[in-house]
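> Before I ask anything, here is the structure I am working with.
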There are 2 protein chains.
Amino acid sequence: MIPIPYLLFLGDAPDQLAAKVAQGIRDWRPENAVGQYRMPGCGADVGMDDMTLGEAWEAGARTLVIGVANRGGVISPGWKEVLHEAIGMGFHLASGLHNLLRDEEDLLHAAAASGVGLHDVRVPSVAYPIANGRPRTGKRCLAVGTDCSVGKMYTAMAMDREMRARGMNSTFRATGQTGILITGDGVPLDAVVADFMAGSIESLTPDNDPDHWDMIEGQGSLFHVSFSGVTMALIHGGRPDALILCHEPTREHMRGLPDHALPTLEQLRDTALPLARWCNPAARFTGISINTKEMEESAARNYLAELSDRMKLPATDPFRFGAAPLVDALAEFR
Amino acid sequence: MIPIPYLLFLGDAPDQLAAKVAQGIRDWRPENAVGQYRMPGCGADVGMDDMTLGEAWEAGARTLVIGVANRGGVISPGWKEVLHEAIGMGFHLASGLHNLLRDEEDLLHAAAASGVGLHDVRVPSVAYPIANGRPRTGKRCLAVGTDCSVGKMYTAMAMDREMRARGMNSTFRATGQTGILITGDGVPLDAVVADFMAGSIESLTPDNDPDHWDMIEGQGSLFHVSFSGVTMALIHGGRPDALILCHEPTREHMRGLPDHALPTLEQLRDTALPLARWCNPAARFTGISINTKEMEESAARNYLAELSDRMKLPATDPFRFGAAPLVDALAEFR
């Protein structure tokens with residue numbers, strides 16, 4: 001686990017989009033960050049207080065999170081002075097960049113000398129077991145998508161937030177780099193070795209209170225040929241009780257695969273459900289989450305109403321219209 | 001690729017079972033080995049000529065393959081003298097043990113000094129791409145099983161041998177450690193990082209002649225919750241035209257999962273086929289391979305006849321009764 005709270009390092013981010021990770025932390029776990037650190041010329045602002053390293057330390061921050069992705073995912077030489085100063089003060093560093101912190105010899109030595117950690121969330125830091133397939137106490141919900149990047153993480157995040165606001169017993173379980181940085185913990189599933197994928201998800205969602213829900217972040221899609229094995233491991237390792245269908249209606253082909261059409265929501269439902277029921281006969285779909293950001297509001301609302309009617313499931317865009325209909329279904333889940 | 005031919009190192013194997021890898025090479029690729037090397041007290045014999053390192057070198061051997069697995073999968077200190085002598089003479093070493101050759105500092109230094117390779121087939125030696133999902137020329141056949149260890153490798157091996165005996169254009173494609181050591185090449189799929197699983201199988205089965213068959217070694221099972229993601233990656237990365245159902249009829253539960261029943265062959269067919277057709281609409285099941293080693297011959301023959309009739313597919317135990325019926329179906333594949 002990464003020590004919280006964070007100071008969000010935006011560095012010399014050229015624009016807001018480059019600060020996606022910091023924005024995710026700001027949107028979903030503002031309580032996990034005390035402020036932001038921007039270098040001269042920084043073009044991003046996630047709307048938190050600008051702080052020096054010293055001010056952040058005083059405010060309780062213990063980890064400097066690299067909340068910015070620059071071209072190529074590398075650690076910019078221009079950041080090094082700040083990173084070294086932070087390490088010297090006792091900050092841990094955390095990063096989801098391809099270029100690992102631990103592969104920078106100067107940072108490695110400085111961190112060892114200061115006794116702080118370098119958290120590269122892109123690679124697993126623990127040895128996961130092989131899945132044992134045994135039932136676990138508590139309940140689990142998994143978002144599955146017609147494609148990659150259709151809003152599975154946001155769906156689980158939005159549902160988790162709504163559940164906690166209602167006093168329900170819920171934990172968001174991160175399975176990707178952004179989710180891990182947002183929450184400080186999780187499994188970087190796409191970097192786990194094949195034999196241990198399902199086992200890593202069993203570890204992430206252990207026995208829990210009978211009324212507790214693990215809201216598991218989905219990855220890939222059963223219909224995305226590059227990553228379908230990752231999704232399969234989530235279904236069998238996660239052993240979900242409730243499944244949420246996720247979709248982006250305006251997408252013309254599978255992400256990164258121009259010749260591959262998207263499946264229908266019915267195809268996804270009819271493929272995923274028997275696979276989920278193989279290990280958990282109680283599994284069922286409880287709702288539909290649609291990413292409507294490319295649609296006008298009235299068109300989006302009409303689409304959701306028609307879809308809900310057609311598939312006999314609550315349908316919403318949890319980011320735009322709230323996650324209440326999806327959470328109502330979990331609150332009534334028996 | 002591991003340089004062939006091999007000298008098979010049986011070491012101080014306590015019994016025949018411990019020499020499973022050497023036996024596999026002897027059974028399936030005897031032309032890849034010139035002989036066996038046994039230490040005093042060795043309890044295994046795969047039926048090849050006993051040779052000294054010098055005799056084997058003269059006979060053309062260029063790699064000493066550790067064809068034995070001892071308890072714990074470690075490199076026994078008692079082997080070191082022979083391994084060092086072999087490295088000094090110019091032999092490469094190859095091993096599928098959990099304990100890696102490259103993690104033994106003395107072997108690493110000796111190999112570097114002699115300019116030979118240490119081939120640990122348990123870990124990938126190349127960086128695989130992310131799958132692109134594009135069609136490839138040539139044809140592919142994949143064995144899928146109701147469970148792990150039901151004979152998928154032997155099925156592909158036996159079919160490949162029969163096809164080559166008939167003059168058909170075929171290549172066995174190894175996806176596990178034993179298969180890689182037997183053939184000298186392949187992908188150790190269970191050790192590949194999740195994001196690259198399907199891509200590694202695309203790399204293993206590239207464009208080929210229109211009449212060429214890649215006979216892909218299966219792994220895991222769609223119904224084995226620990227490894228189903230690996231199987232999924234084989235289906236979408238391998239893009240098979242022909243699929244073979246594999247089963248062991250006397251097994252009482254999924255391997256390693258005492259509370260999990262096996263699926264029926266019909267369940268396996270009905271689950272795997274739509275997944276395969278999602279990327280290759282021409283995919284179909286062409287035969288059934290049954291591991292009948294626990295059955296009397298007449299019971300086995302009756303079972304195969306009934307199964308073939310019930311599922312309208314040729315059925316055989318390719319190891320016991322020959323792979324001809326399965327190969328006939330590929331010869332007629334259009």
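The way I read the labels, and the way they are meant: chains A, B, ... in the order of the structure tokens, residue 1 as the first residue of every chain, and ligand 1 as the first ligand shown, with later ones counted on from there.
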Could you list, as a list in words, every residue within 6 Å of stretch 242-247 of chain A, counting only C-alpha atoms and ignoring same-chain residues fewer than 5 positions away?

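The neighbour list is Cys141, Leu142, Ala143, Val144, Gly145, Thr146, Val150, Ala283, Arg284, Phe285, Thr286, Gly287, Ile288, Ser289 and Ile290 of chain A.
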
> Just need the residues of chain B within 7 Å of chain A, counting only C-alpha atoms, so spit them out as a PyMOL selection string.

chain B and resi 130-133+190-195+198-199+225-230+232-233+236-237+257

> From the DSSP assignment of the backbone, select every residue of stretch 67-295 of chain A that is helix (DSSP H, G or I), and format the answer as an MDAnalysis selection string.

chainID A and resid 71:73 77:89 101:103 105:114 152:165 177:183 189:191 194:204 228:238 265:279

> From the list A:Pro206, A:Gly90, A:Gly179, A:Gly35, which residue is nearest A:Lys152 when using only C-alpha atoms?

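Closest to A:Lys152, using only C-alpha atoms: A:Gly179.
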
> Excluding same-chain residues fewer than 4 positions from B:Asp209, what lies within 12 Å of it counting only C-alpha atoms, as a ChimeraX atom specification?

/B:136-140,168-171,205,213-214

> Give me a file of those residues, with N, CA and C atoms, as a compact mmCIF listing (two decimals), in the first residue's frame.


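Result went into out.txt, see below:
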```txt
# COMPACT_ATOMS: atom_id res chain seq x y z
N ARG B 136 -4.46 -14.20 -40.36
CA ARG B 136 -3.16 -14.62 -40.87
C ARG B 136 -3.39 -15.74 -41.89
N THR B 137 -2.48 -15.85 -42.84
CA THR B 137 -2.59 -16.92 -43.84
C THR B 137 -2.19 -18.24 -43.20
N GLY B 138 -2.59 -19.35 -43.84
CA GLY B 138 -2.36 -20.67 -43.26
C GLY B 138 -3.48 -21.03 -42.30
N LYS B 139 -3.44 -22.25 -41.79
CA LYS B 139 -4.52 -22.73 -40.92
C LYS B 139 -3.97 -23.12 -39.54
N ARG B 140 -4.86 -23.09 -38.57
CA ARG B 140 -4.47 -23.37 -37.20
C ARG B 140 -5.46 -24.30 -36.51
N MET B 168 1.66 -34.08 -44.99
CA MET B 168 0.96 -32.81 -44.83
C MET B 168 1.93 -31.77 -44.25
N ASN B 169 1.55 -30.51 -44.39
CA ASN B 169 2.39 -29.38 -44.01
C ASN B 169 1.96 -28.93 -42.61
N SER B 170 2.73 -29.31 -41.60
CA SER B 170 2.28 -29.12 -40.22
C SER B 170 3.44 -28.76 -39.30
N THR B 171 3.17 -27.94 -38.29
CA THR B 171 4.16 -27.61 -37.26
C THR B 171 3.50 -27.65 -35.89
N THR B 205 2.35 -18.18 -34.18
CA THR B 205 1.63 -18.79 -35.30
C THR B 205 1.44 -17.77 -36.42
N TRP B 213 -0.65 -26.20 -41.44
CA TRP B 213 -1.37 -26.23 -40.16
C TRP B 213 -0.41 -25.98 -39.01
N ASP B 214 -0.71 -24.97 -38.19
CA ASP B 214 -0.08 -24.85 -36.88
C ASP B 214 -0.89 -25.70 -35.92
```

> So which residues touch A:Met157 within 10 Å, counting only C-alpha atoms, skipping near sequence neighbours fewer than 5 positions away, as number ranges by chain?

A: 27-29, 151-152, 162-163, 171-174, 179, 215-217, 318-319, 323

> Could you go through stretch 206-290 of chain A and tell me which residues DSSP, when run on the backbone, assigns to strand (DSSP E or B), listing them as a list in words?

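Listing strand (DSSP E or B) positions across stretch 206-290 of chain A yields Trp213, Asp214, Met215, Ile216, Ala242, Leu243, Ile244, Leu245, Cys246, His247, Arg284, Phe285, Thr286, Gly287, Ile288, Ser289 and Ile290 of chain A.
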
> Under the rule that only C-alpha atoms are counted, which of B:Val82, B:Leu108, B:Ala56, B:Ala299 is the nearest residue to B:Pro249?

B:Ala299
